[in-house]
Structure formats: C-alpha cells, structure tokens
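Quick look at entry07.json (JSON, C-alpha atoms):
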[["chain", "number", "residue", "atom", "x", "y", "z"],
["A", 1, "MET", "CA", 187.46, -170.44, 160.68],
["A", 2, "ASP", "CA", 186.90, -170.38, 156.92],
["A", 3, "LEU", "CA", 187.74, -166.98, 155.38],
["A", 4, "LEU", "CA", 184.35, -166.61, 153.67],
["A", 5, "THR", "CA", 182.55, -167.35, 156.93],
["A", 6, "ALA", "CA", 184.77, -164.90, 158.81],
["A", 7, "ILE", "CA", 183.97, -162.17, 156.28],
["A", 8, "GLN", "CA", 180.25, -162.84, 156.68],
["A", 9, "HIS", "CA", 180.53, -162.42, 160.44],
["A", 10, "ALA", "CA", 181.83, -158.88, 159.85],
["A", 11, "LEU", "CA", 179.25, -157.88, 157.24],
["A", 12, "PRO", "CA", 176.07, -155.92, 158.10],
["A", 13, "LYS", "CA", 174.02, -158.83, 156.74],
["A", 14, "HIS", "CA", 170.54, -157.51, 157.56],
["A", 15, "LEU", "CA", 171.31, -154.10, 156.07],
["A", 16, "ILE", "CA", 172.68, -155.68, 152.89],
["A", 17, "SER", "CA", 169.67, -157.99, 152.64],
["A", 18, "ARG", "CA", 167.15, -155.18, 153.20],
["A", 19, "PHE", "CA", 168.83, -153.13, 150.47],
["A", 20, "ALA", "CA", 168.84, -156.14, 148.14],
["A", 21, "GLY", "CA", 165.15, -156.69, 148.89],
["A", 22, "TRP", "CA", 164.31, -153.06, 148.15],
["A", 23, "LEU", "CA", 166.33, -153.04, 144.94],
["A", 24, "SER", "CA", 164.80, -156.32, 143.75],
["A", 25, "ALA", "CA", 161.26, -155.01, 144.28],
["A", 26, "THR", "CA", 161.85, -151.64, 142.61],
["A", 27, "PRO", "CA", 161.25, -151.21, 138.86],
["A", 28, "ILE", "CA", 164.11, -149.22, 137.39],
["A", 29, "PRO", "CA", 163.65, -148.49, 133.67],
["A", 30, "ILE", "CA", 166.52, -149.61, 131.43],
["A", 31, "PHE", "CA", 168.57, -150.90, 134.38],
["A", 32, "THR", "CA", 166.19, -153.67, 135.49],
["A", 33, "PRO", "CA", 165.95, -155.53, 132.15],
["A", 34, "LEU", "CA", 169.71, -155.16, 131.58],
["A", 35, "PHE", "CA", 170.44, -156.54, 135.04],
["A", 36, "ILE", "CA", 168.02, -159.44, 134.56],
["A", 37, "ARG", "CA", 169.63, -160.33, 131.24],
["A", 38, "ALA", "CA", 173.13, -160.22, 132.74],
["A", 39, "PHE", "CA", 172.02, -162.31, 135.74],
["A", 40, "ALA", "CA", 170.44, -164.93, 133.49],
["A", 41, "ARG", "CA", 173.61, -165.22, 131.41],
["A", 42, "LEU", "CA", 175.91, -165.32, 134.44],
["A", 43, "PHE", "CA", 174.01, -168.20, 136.05],
["A", 44, "HIS", "CA", 173.04, -169.98, 132.80],
["A", 45, "ILE", "CA", 169.31, -169.78, 133.48],
["A", 46, "ASP", "CA", 167.14, -171.73, 131.04],
["A", 47, "MET", "CA", 164.47, -169.22, 130.02],
["A", 48, "GLY", "CA", 162.94, -171.84, 127.72],
["A", 49, "GLU", "CA", 161.13, -173.22, 130.78],
["A", 50, "ALA", "CA", 159.63, -169.88, 131.80],
["A", 51, "ARG", "CA", 156.05, -168.98, 130.98],
["A", 52, "ASP", "CA", 157.24, -165.46, 130.10],
["A", 53, "GLN", "CA", 160.51, -165.81, 128.25],
["A", 54, "ALA", "CA", 161.18, -162.17, 127.35],
["A", 55, "PHE", "CA", 163.34, -160.33, 129.87],
["A", 56, "SER", "CA", 161.32, -157.18, 129.17],
["A", 57, "SER", "CA", 158.17, -158.85, 130.54],
["A", 58, "TYR", "CA", 159.49, -158.61, 134.11],
["A", 59, "ALA", "CA", 159.02, -155.21, 135.72],
["A", 60, "THR", "CA", 161.22, -156.05, 138.71],
["A", 61, "PHE", "CA", 164.00, -158.47, 139.52],
["A", 62, "ASN", "CA", 161.71, -160.17, 142.05],
["A", 63, "ALA", "CA", 159.18, -160.86, 139.31],
["A", 64, "PHE", "CA", 161.92, -162.52, 137.26],
["A", 65, "PHE", "CA", 163.45, -164.39, 140.19],
["A", 66, "THR", "CA", 160.10, -165.91, 141.16],
["A", 67, "ARG", "CA", 159.13, -166.50, 137.53],
["A", 68, "GLN", "CA", 156.42, -169.04, 136.83],
["A", 69, "LEU", "CA", 157.27, -172.03, 134.65],
["A", 70, "GLN", "CA", 155.30, -173.32, 131.71],
["A", 71, "ASP", "CA", 152.47, -175.71, 132.48],
["A", 72, "GLY", "CA", 153.70, -179.30, 132.58],
["A", 73, "SER", "CA", 157.37, -178.43, 133.02],
["A", 74, "ARG", "CA", 157.40, -179.92, 136.55],
["A", 75, "PRO", "CA", 155.10, -182.97, 136.51],
["A", 76, "ILE", "CA", 154.22, -184.26, 139.97],
["A", 77, "ASP", "CA", 154.88, -187.94, 140.67],
["A", 78, "PRO", "CA", 151.45, -189.61, 140.43],
["A", 79, "ASP", "CA", 151.94, -192.33, 143.05],
["A", 80, "PRO", "CA", 149.52, -191.40, 145.89],
["A", 81, "LYS", "CA", 152.04, -192.62, 148.48],
["A", 82, "SER", "CA", 155.11, -190.91, 147.05],
["A", 83, "VAL", "CA", 156.85, -187.89, 148.52],
["A", 84, "ALA", "CA", 157.36, -185.25, 145.82],
["A", 85, "CYS", "CA", 160.39, -182.99, 145.81],
["A", 86, "PRO", "CA", 159.36, -179.52, 147.05],
["A", 87, "ALA", "CA", 161.96, -177.45, 145.21],
["A", 88, "ASP", "CA", 164.52, -177.33, 142.42],
["A", 89, "GLY", "CA", 168.08, -177.47, 143.68],
["A", 90, "VAL", "CA", 170.66, -179.82, 145.14],
["A", 91, "ILE", "CA", 170.30, -182.06, 148.18],
["A", 92, "SER", "CA", 172.52, -180.74, 150.96],
["A", 93, "GLU", "CA", 171.76, -183.64, 153.30],
["A", 94, "ILE", "CA", 169.18, -186.42, 153.55],
["A", 95, "GLY", "CA", 168.57, -189.09, 156.12],
["A", 96, "TYR", "CA", 167.07, -189.88, 159.49],
["A", 97, "ALA", "CA", 167.46, -187.86, 162.67],
["A", 98, "LYS", "CA", 168.67, -189.66, 165.77],
["A", 99, "ASP", "CA", 168.02, -188.31, 169.27],
["A", 100, "GLY", "CA", 166.64, -185.13, 167.78],
["A", 101, "GLN", "CA", 169.81, -184.33, 165.80],
["A", 102, "LEU", "CA", 169.90, -183.44, 162.10],
["A", 103, "ILE", "CA", 172.92, -183.49, 159.79],
["A", 104, "GLN", "CA", 173.95, -180.06, 158.50],
["A", 105, "ALA", "CA", 177.10, -181.25, 156.76],
["A", 106, "LYS", "CA", 179.70, -183.95, 157.31],
["A", 107, "GLY", "CA", 180.78, -183.77, 160.93],
["A", 108, "ARG", "CA", 178.24, -181.06, 161.82],
["A", 109, "ASN", "CA", 174.88, -181.77, 163.46],
["A", 110, "TYR", "CA", 172.22, -179.47, 164.89],
["A", 111, "GLY", "CA", 169.03, -179.91, 166.89],
["A", 112, "VAL", "CA", 165.49, -180.29, 165.56],
["A", 113, "ALA", "CA", 164.17, -178.29, 168.53],
["A", 114, "GLU", "CA", 166.58, -175.43, 167.75],
["A", 115, "LEU", "CA", 165.55, -175.40, 164.09],
["A", 116, "LEU", "CA", 161.84, -175.35, 164.94],
["A", 117, "GLY", "CA", 162.36, -172.70, 167.62],
["A", 118, "GLU", "CA", 161.07, -174.89, 170.46],
["A", 119, "GLN", "CA", 162.22, -174.97, 174.06],
["A", 120, "THR", "CA", 161.71, -178.72, 174.29],
["A", 121, "LEU", "CA", 161.56, -181.18, 171.44],
["A", 122, "ASP", "CA", 158.30, -182.88, 170.56],
["A", 123, "PRO", "CA", 159.04, -186.59, 171.24],
["A", 124, "ASN", "CA", 157.61, -187.45, 167.81],
["A", 125, "PHE", "CA", 160.56, -185.61, 166.22],
["A", 126, "GLU", "CA", 163.31, -187.37, 168.16],
["A", 127, "ALA", "CA", 163.42, -189.93, 165.36],
["A", 128, "ALA", "CA", 162.55, -188.16, 162.13],
["A", 129, "SER", "CA", 163.19, -188.35, 158.41],
["A", 130, "PHE", "CA", 164.62, -185.18, 156.91],
["A", 131, "ILE", "CA", 165.83, -183.68, 153.65],
["A", 132, "THR", "CA", 167.58, -180.36, 153.04],
["A", 133, "VAL", "CA", 167.48, -178.82, 149.55],
["A", 134, "TYR", "CA", 169.68, -175.86, 148.59],
["A", 135, "LEU", "CA", 168.37, -173.51, 145.89],
["A", 136, "SER", "CA", 171.12, -171.81, 143.90],
["A", 137, "PRO", "CA", 170.63, -168.47, 142.09],
["A", 138, "ARG", "CA", 169.90, -170.27, 138.81],
["A", 139, "ASP", "CA", 167.06, -172.40, 140.17],
["A", 140, "TYR", "CA", 163.29, -172.03, 140.01],
["A", 141, "HIS", "CA", 162.44, -170.34, 143.31],
["A", 142, "ARG", "CA", 158.90, -171.39, 144.09],
["A", 143, "PHE", "CA", 158.44, -174.28, 146.48],
["A", 144, "HIS", "CA", 155.65, -176.84, 146.54],
["A", 145, "MET", "CA", 153.90, -179.38, 148.73],
["A", 146, "PRO", "CA", 155.54, -182.82, 149.09],
["A", 147, "ILE", "CA", 152.28, -184.64, 150.01],
["A", 148, "ASP", "CA", 148.62, -183.87, 150.67],
["A", 149, "ALA", "CA", 148.48, -182.13, 154.05],
["A", 150, "THR", "CA", 146.86, -179.38, 156.11],
["A", 151, "LEU", "CA", 148.78, -176.31, 157.24],
["A", 152, "GLN", "CA", 148.11, -175.94, 160.95],
["A", 153, "ALA", "CA", 150.53, -173.24, 162.08],
["A", 154, "ILE", "CA", 153.24, -170.97, 160.74],
["A", 155, "ARG", "CA", 155.91, -169.06, 162.60],
["A", 156, "HIS", "CA", 158.54, -166.48, 161.70],
["A", 157, "ILE", "CA", 161.79, -166.88, 163.66],
["A", 158, "PRO", "CA", 164.20, -163.91, 163.43],
["A", 159, "GLY", "CA", 167.89, -164.67, 163.13],
["A", 160, "ASP", "CA", 171.11, -164.14, 161.23],
["A", 161, "LEU", "CA", 171.39, -164.07, 157.46],
["A", 162, "PHE", "CA", 174.50, -166.05, 156.64],
["A", 163, "SER", "CA", 174.88, -167.58, 153.20],
["A", 164, "VAL", "CA", 173.50, -171.12, 153.07],
["A", 165, "ASN", "CA", 175.77, -172.50, 150.36],
["A", 166, "GLN", "CA", 177.67, -175.74, 150.90],
["A", 167, "ARG", "CA", 180.88, -174.01, 151.90],
["A", 168, "THR", "CA", 179.21, -172.09, 154.72],
["A", 169, "ALA", "CA", 177.17, -175.13, 155.79],
["A", 170, "ALA", "CA", 180.38, -177.11, 156.16],
["A", 171, "THR", "CA", 182.13, -174.49, 158.29],
["A", 172, "LEU", "CA", 179.50, -172.65, 160.38],
["A", 173, "SER", "CA", 177.87, -174.52, 163.26],
["A", 174, "ASN", "CA", 174.06, -174.45, 163.62],
["A", 175, "LEU", "CA", 173.71, -172.50, 160.37],
["A", 176, "PHE", "CA", 170.08, -173.33, 159.64],
["A", 177, "ALA", "CA", 169.05, -173.00, 163.30],
["A", 178, "ARG", "CA", 170.66, -169.57, 163.62],
["A", 179, "ASN", "CA", 169.43, -168.01, 160.35],
["A", 180, "GLU", "CA", 166.08, -166.27, 160.00],
["A", 181, "ARG", "CA", 163.46, -168.78, 158.94],
["A", 182, "ILE", "CA", 159.80, -169.64, 158.54],
["A", 183, "VAL", "CA", 158.55, -172.83, 160.21],
["A", 184, "ALA", "CA", 155.29, -174.29, 158.90],
["A", 185, "ARG", "CA", 153.69, -177.23, 160.73],
["A", 186, "PHE", "CA", 151.50, -179.66, 158.80],
["A", 187, "SER", "CA", 149.25, -182.57, 159.64],
["A", 188, "ALA", "CA", 148.56, -185.37, 157.19],
["A", 189, "ALA", "CA", 146.79, -188.71, 157.27],
["A", 190, "VAL", "CA", 150.17, -190.41, 157.68],
["A", 191, "GLY", "CA", 151.44, -188.11, 160.45],
["A", 192, "ASP", "CA", 152.92, -184.67, 161.10],
["A", 193, "PHE", "CA", 155.80, -182.87, 159.45],
["A", 194, "ALA", "CA", 157.51, -179.50, 159.48],
["A", 195, "PHE", "CA", 158.44, -177.47, 156.40],
["A", 196, "VAL", "CA", 161.19, -174.93, 157.07],
["A", 197, "ALA", "CA", 162.14, -172.14, 154.65],
["A", 198, "VAL", "CA", 165.53, -170.70, 155.64],
["A", 199, "GLY", "CA", 166.53, -167.13, 154.88],
["A", 200, "ALA", "CA", 170.02, -166.17, 153.76],
["A", 201, "LEU", "CA", 172.24, -163.27, 152.81],
["A", 202, "CYS", "CA", 170.48, -161.06, 150.21],
["A", 203, "VAL", "CA", 167.17, -162.93, 150.52],
["A", 204, "GLY", "CA", 164.61, -160.14, 150.18],
["A", 205, "GLY", "CA", 161.76, -162.12, 151.70],
["A", 206, "ILE", "CA", 159.98, -165.46, 151.98],
["A", 207, "GLU", "CA", 156.38, -165.55, 150.84],
["A", 208, "PHE", "CA", 153.92, -168.21, 151.99],
["A", 209, "LYS", "CA", 150.40, -168.97, 150.85],
["A", 210, "LEU", "CA", 148.19, -168.03, 153.78],
["A", 211, "SER", "CA", 144.63, -168.30, 152.47],
["A", 212, "ASP", "CA", 142.44, -170.35, 150.16],
["A", 213, "SER", "CA", 142.94, -167.69, 147.50],
["A", 214, "ASP", "CA", 146.26, -167.12, 145.78],
["A", 215, "ARG", "CA", 147.30, -164.54, 148.39],
["A", 216, "PHE", "CA", 150.93, -164.89, 149.40],
["A", 217, "GLY", "CA", 152.27, -163.08, 152.44],
["A", 218, "ASN", "CA", 155.85, -162.03, 153.08],
["A", 219, "VAL", "CA", 156.01, -163.55, 156.54],
["A", 220, "GLY", "CA", 158.06, -161.52, 158.97],
["A", 221, "ALA", "CA", 158.09, -158.47, 156.70],
["A", 222, "ASP", "CA", 154.41, -157.78, 156.01],
["A", 223, "PRO", "CA", 152.84, -155.84, 158.92],
["A", 224, "LYS", "CA", 149.47, -157.42, 158.07],
["A", 225, "ILE", "CA", 150.84, -160.87, 158.93],
["A", 226, "ASP", "CA", 151.47, -161.94, 162.49],
["A", 227, "SER", "CA", 154.86, -163.43, 163.33],
["A", 228, "GLN", "CA", 152.99, -166.54, 164.43],
["A", 229, "GLN", "CA", 149.65, -167.95, 163.31],
["A", 230, "SER", "CA", 147.96, -171.14, 164.43],
["A", 231, "ASP", "CA", 144.73, -173.05, 163.74],
["A", 232, "LEU", "CA", 144.99, -172.19, 160.05],
["A", 233, "ASN", "CA", 143.55, -175.50, 158.79],
["A", 234, "LEU", "CA", 144.50, -174.69, 155.20],
["A", 235, "ALA", "CA", 144.42, -177.79, 152.99],
["A", 236, "PHE", "CA", 147.02, -178.38, 150.27],
["A", 237, "THR", "CA", 147.38, -181.08, 147.64],
["A", 238, "LYS", "CA", 150.72, -182.62, 146.66],
["A", 239, "GLY", "CA", 152.38, -180.32, 144.14],
["A", 240, "ASP", "CA", 150.47, -177.18, 145.14],
["A", 241, "GLU", "CA", 152.59, -174.05, 145.31],
["A", 242, "LEU", "CA", 153.29, -173.29, 148.95],
["A", 243, "GLY", "CA", 155.56, -170.28, 148.71],
["A", 244, "ARG", "CA", 158.51, -168.58, 147.06],
["A", 245, "PHE", "CA", 161.89, -167.10, 147.89],
["A", 246, "LEU", "CA", 162.69, -163.53, 146.91],
["A", 247, "MET", "CA", 166.30, -164.56, 146.23],
["A", 248, "GLY", "CA", 167.66, -168.03, 146.91],
["A", 249, "SER", "CA", 167.92, -170.14, 150.01],
["A", 250, "THR", "CA", 167.13, -173.56, 151.50],
["A", 251, "VAL", "CA", 164.11, -175.70, 152.38],
["A", 252, "ILE", "CA", 164.09, -178.45, 155.00],
["A", 253, "ILE", "CA", 161.37, -181.09, 155.46],
["A", 254, "ILE", "CA", 161.25, -183.05, 158.72],
["A", 255, "GLY", "CA", 158.82, -185.96, 159.02],
["A", 256, "ALA", "CA", 157.89, -186.97, 162.57],
["A", 257, "ASN", "CA", 158.44, -190.62, 163.48],
["A", 258, "GLU", "CA", 160.30, -191.22, 160.20],
["A", 259, "ILE", "CA", 157.08, -191.09, 158.17],
["A", 260, "PHE", "CA", 159.09, -190.45, 155.00],
["A", 261, "ARG", "CA", 161.29, -193.25, 153.62],
["A", 262, "TRP", "CA", 163.80, -191.83, 151.16],
["A", 263, "ARG", "CA", 165.04, -193.46, 147.97],
["A", 264, "ASN", "CA", 168.31, -195.25, 148.61],
["A", 265, "ASP", "CA", 170.06, -193.59, 145.66],
["A", 266, "LEU", "CA", 169.60, -190.04, 146.99],
["A", 267, "ARG", "CA", 172.51, -188.45, 148.80],
["A", 268, "ALA", "CA", 174.20, -185.09, 149.40],
["A", 269, "GLY", "CA", 175.01, -183.47, 146.06],
["A", 270, "THR", "CA", 172.14, -185.06, 144.10],
["A", 271, "PRO", "CA", 170.33, -182.52, 141.84],
["A", 272, "VAL", "CA", 166.54, -182.54, 142.29],
["A", 273, "GLN", "CA", 163.48, -180.93, 140.73],
["A", 274, "VAL", "CA", 159.99, -180.10, 141.90],
["A", 275, "GLY", "CA", 157.64, -183.08, 141.65],
["A", 276, "LYS", "CA", 160.25, -185.82, 141.35],
["A", 277, "LYS", "CA", 159.83, -188.81, 143.67],
["A", 278, "LEU", "CA", 162.01, -188.53, 146.78],
["A", 279, "GLY", "CA", 160.62, -191.61, 148.47],
["A", 280, "MET", "CA", 157.47, -193.02, 150.03],
["A", 281, "PHE", "CA", 155.37, -192.43, 153.12],
["A", 282, "GLY", "CA", 153.25, -194.76, 155.15],
["A", 283, "ALA", "CA", 153.55, -197.09, 158.10],
["A", 284, "VAL", "CA", 156.84, -196.69, 159.93],
["A", 285, "THR", "CA", 159.47, -199.21, 158.84],
["A", 286, "PRO", "CA", 163.19, -199.36, 159.57],
["A", 287, "PRO", "CA", 164.95, -196.69, 157.45],
["A", 288, "HIS", "CA", 166.73, -197.80, 154.28],
["A", 289, "SER", "CA", 164.86, -201.10, 154.32],
["A", 290, "GLU", "CA", 162.97, -200.39, 151.13],
["A", 291, "GLY", "CA", 164.69, -199.99, 147.79],
["A", 292, "GLU", "CA", 163.26, -197.63, 145.22]]
The structure in this file should be written as structure tokens.
Amino acid sequence: MDLLTAIQHALPKHLISRFAGWLSATPIPIFTPLFIRAFARLFHIDMGEARDQAFSSYATFNAFFTRQLQDGSRPIDPDPKSVACPADGVISEIGYAKDGQLIQAKGRNYGVAELLGEQTLDPNFEAASFITVYLSPRDYHRFHMPIDATLQAIRHIPGDLFSVNQRTAATLSNLFARNERIVARFSAAVGDFAFVAVGALCVGGIEFKLSDSDRFGNVGADPKIDSQQSDLNLAFTKGDELGRFLMGSTVIIIGANEIFRWRNDLRAGTPVQVGKKLGMFGAVTPPHSEGE
C-alpha cells in the first residue's frame, strides 16, 4: 500500500475535517486575512479573476475559498447541444462505462451502482458516459450545470474522507464510492444523468442549491435539510451555479445511455474550466465516432 494512503487510514479523518470546517467558517481577526494571504501565495491563486480582490474583504476562509469570479470570466459555450464543463480543475478520467463500471485510475475500476448508493444498477447506466474532474486547492470551487436539466432528487451518502488527489485515486480501491458524497439526479430532454460531488479530507461541507431562490444548503450537515429529497423538480439552465465545495474535492458526471459524447482530445490530466465545451449530447451514437 502507498505510504500516503496508509497514513490516511490511520488518521481520524472525520474529526480533522470537522475541525477544518469549523475553523474555515469562523472569523478570526488578524489571523484569517493573514492565513488567506499565505494560502493564496502558496497555491499561486490568481486573485485578478475574483470579484473581490482584497484579502481583507473575506471575513472567513470559507468566504475566500468559495469566492465569486468577475462577470464574464467563465463564458459558457453557446452551442445549445454542447456539454459545458461543470468545474475548474483537471480531468482525472473520462470515457464510457462498460457493464456498469467506471474508471477511477489506470487499472482501477469501480461500480456506478456503488457510487450512486444503489442496491441494483439502473439498466440505463450500464453503458454510460462519464467524466471526473478534480479540483485542487488553487481552483475556483463553485460548480455549475453542464446542460439544461431539472433536478429531481438529491441524496447525501455518508462515508470516509480520504484525499481525492491523483496519488490516492491510483492506490486506493473504490475511492469515490467509499467517500462521503452528494448524488444529484437530473432529467433532461436528451435523457437522465447523475451529478456526484465527492467529499474529501478537510472538506468542510458541500453546498447545493435547493430552491428557486439563491438558497444553498450544506447537505448532510444542515439539520434543516433531509439526507434525501425527491420530487424537487427544480429547473436549471446550462452554466447556472449548482453548488460549491467548502474546501476542494471532485465532481463526477454520469450520463445514462452514453448521452454525452466527449471531445476526442480530452484525456486524464487535461486542465479544464467552467463553461468550456467538453463534448456534445443528443441521439446515442457509438462513442468516439465524432471528432470535435
């Protein structure tokens, strides 16, 4: 076993993450702005993109970490049939599931049913298109809608809180299916898809938009929010903000029946940004048959 993974097994991951969440949400005069400044320098964060560029404008680390960008800094691909990237980060894996199996890393697969927290796999997801995007500490940490769709159900699945970086993904089996996560199920004119936000070590929470207003709920942590909600029927437009990570993690999109056809030049390790074209959706065609 990899040494870093072995160390994580021994750590009190939930306790560490709860403390990190508390600290990130607590305004501490003098310390908070100094810590934010040091964090930004350590991870080479481009504050020129932020709507509020002064470190002193953020009362808490969470406010800084989920900072809003300037209008127009993440234009959404205008093609009505394109799939827009949901988050800034790096592609961990991208492709097409076979027999209900997703690729976690080279040589490591895991089940769609396990990821979605289902006893039996919906047959529509046995063959599915998927993309996994890892958000590093330096990235913009709000995530957005890839296409126009309606949120039908959302579920919080408790689990571990291992790191989700590439090193851990390559060495720890079923990483994304064993970590705490939020599973959102959507319906669209083209078909159904799942949007999964995966928790990780030191992630203080995952907030989702749960109403027509701009109310975001920390699913799994907010006592006012059920661990599972269905029949939401909340409509979103491509590019709309869907949620945010309070500290970094990973998002996974899984399109039933391969409804998403990815660009042929995208692969593991490719940097991506919100709004950029990942591929197209529409009638099912053999994967990789369409160049972009």
**Message:** Could you list, as JSON, numbers by chain, every residue within 10 Å of segment 29-44 of chain A, counting all atoms listed in the file and ignoring same-chain residues fewer than 6 positions away?
**Reply:** {"A": [23, 54, 55, 56, 57, 58, 59, 60, 61, 62, 64, 65, 136, 137, 138, 139]}
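Computed from the coordinates, the atom CA of Ala169 of chain A to atom CA of Lys106 of chain A distance equals 9.3 Å.
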**Item:** Nearest candidate to Ile253 of chain A (options A:Arg51, A:Arg178, A:Arg185, A:Arg18; using all atoms listed in the file)
**Value:**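 Between A:Arg51, A:Arg178, A:Arg185, A:Arg18, the residue approaching Ile253 of chain A most closely is A:Arg185.
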**Item:** Selection near Asp79 of chain A, 10 Å with only C-alpha atoms, sequence-local residues under 5 positions removed, as a ChimeraX atom specification
**Value:** /A:84,277,280
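For the pair atom CA of Gln53 of chain A and atom CA of Arg67 of chain A, the interatomic distance is 9.4 Å.
Atom CA of Gly255 of chain A is found 16.7 Å from atom CA of Ser92 of chain A.
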**Message:** Which residues are close to Gly199 of chain A, i.e. within 6 Å by only C-alpha atoms, leaving aside same-chain residues fewer than 6 positions away? Reply as a VMD selection string.
**Reply:** chain A and resid 180 to 181 249
**Prompt:** Between A:Tyr134, A:Trp262, A:Trp22, A:Tyr96, which has the minimum distance to Thr168 of chain A (counting all atoms listed in the file)?
**Reply:**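 Residue with the minimum atom-to-atom distance to Thr168 of chain A: A:Tyr134.
Using only C-alpha atoms for every distance, the candidate list A:Gly279, A:Gly205, A:Pro12, A:Gly191 yields A:Gly191 as the residue closest to Thr150 of chain A.
Closest approach to Gly107 of chain A from the set A:Ala127, A:Gln68, A:Ala149, A:Ala170 is made by A:Ala170, with distances taken over all atoms listed in the file.
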As AutoDock Vina command-line options, please: the centre and edge lengths in Å, to one decimal, of an axis-aligned box enclosing every listed atom of segment 159-163 of chain A with 3 Å added on each side.
--center_x 171.4 --center_y -165.8 --center_z 158.2 --size_x 13.0 --size_y 9.5 --size_z 15.9
**Request:** Counting all atoms listed in the file, figure out which residue out of A:Thr66, A:Gln273, A:Thr171, A:Asn179 gets nearest to Gly243 of chain A.
**Result:**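 Among the listed residues, A:Thr66 lies closest to Gly243 of chain A.
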**Request:** In the coordinates of the file, take the point (153.0, -188.9, 157.9) and a cut-off of 10 Å; then, counting all atoms listed in the file, name each qualifying protein, DNA or RNA residue as a PyMOL selection string.
**Result:** chain A and resi 147-149+186-193+255-260+280-284
**Request:** Scan for residues within 12 Å of the point (156.5, -181.1, 169.8) in the coordinates of the file, using all atoms listed in the file, and reply as a list in words.
**Result:**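 Residues found, by chain and rising number: Gly100, Val112, Ala113, Glu114, Leu116, Gly117, Glu118, Gln119, Thr120, Leu121, Asp122, Pro123, Asn124, Phe125, Glu126, Arg185, Asp192, Phe193, Ala194, Ala256 and Asn257 of chain A.
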**Prompt:** With all atoms listed in the file as the atoms that count, which of A:Lys276, A:Lys98, A:Arg74, A:Lys13 lies nearest to Pro146 of chain A?
**Reply:**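 Of the candidates, the smallest distance to Pro146 of chain A is held by A:Lys276.
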**Prompt:** Could you name the residues that touch Ile252 of chain A at 6 Å or less, counting only C-alpha atoms, but leaving out those on the same chain fewer than 2 positions away, as a PyMOL selection string?
**Reply:** chain A and resi 131-132+195-196
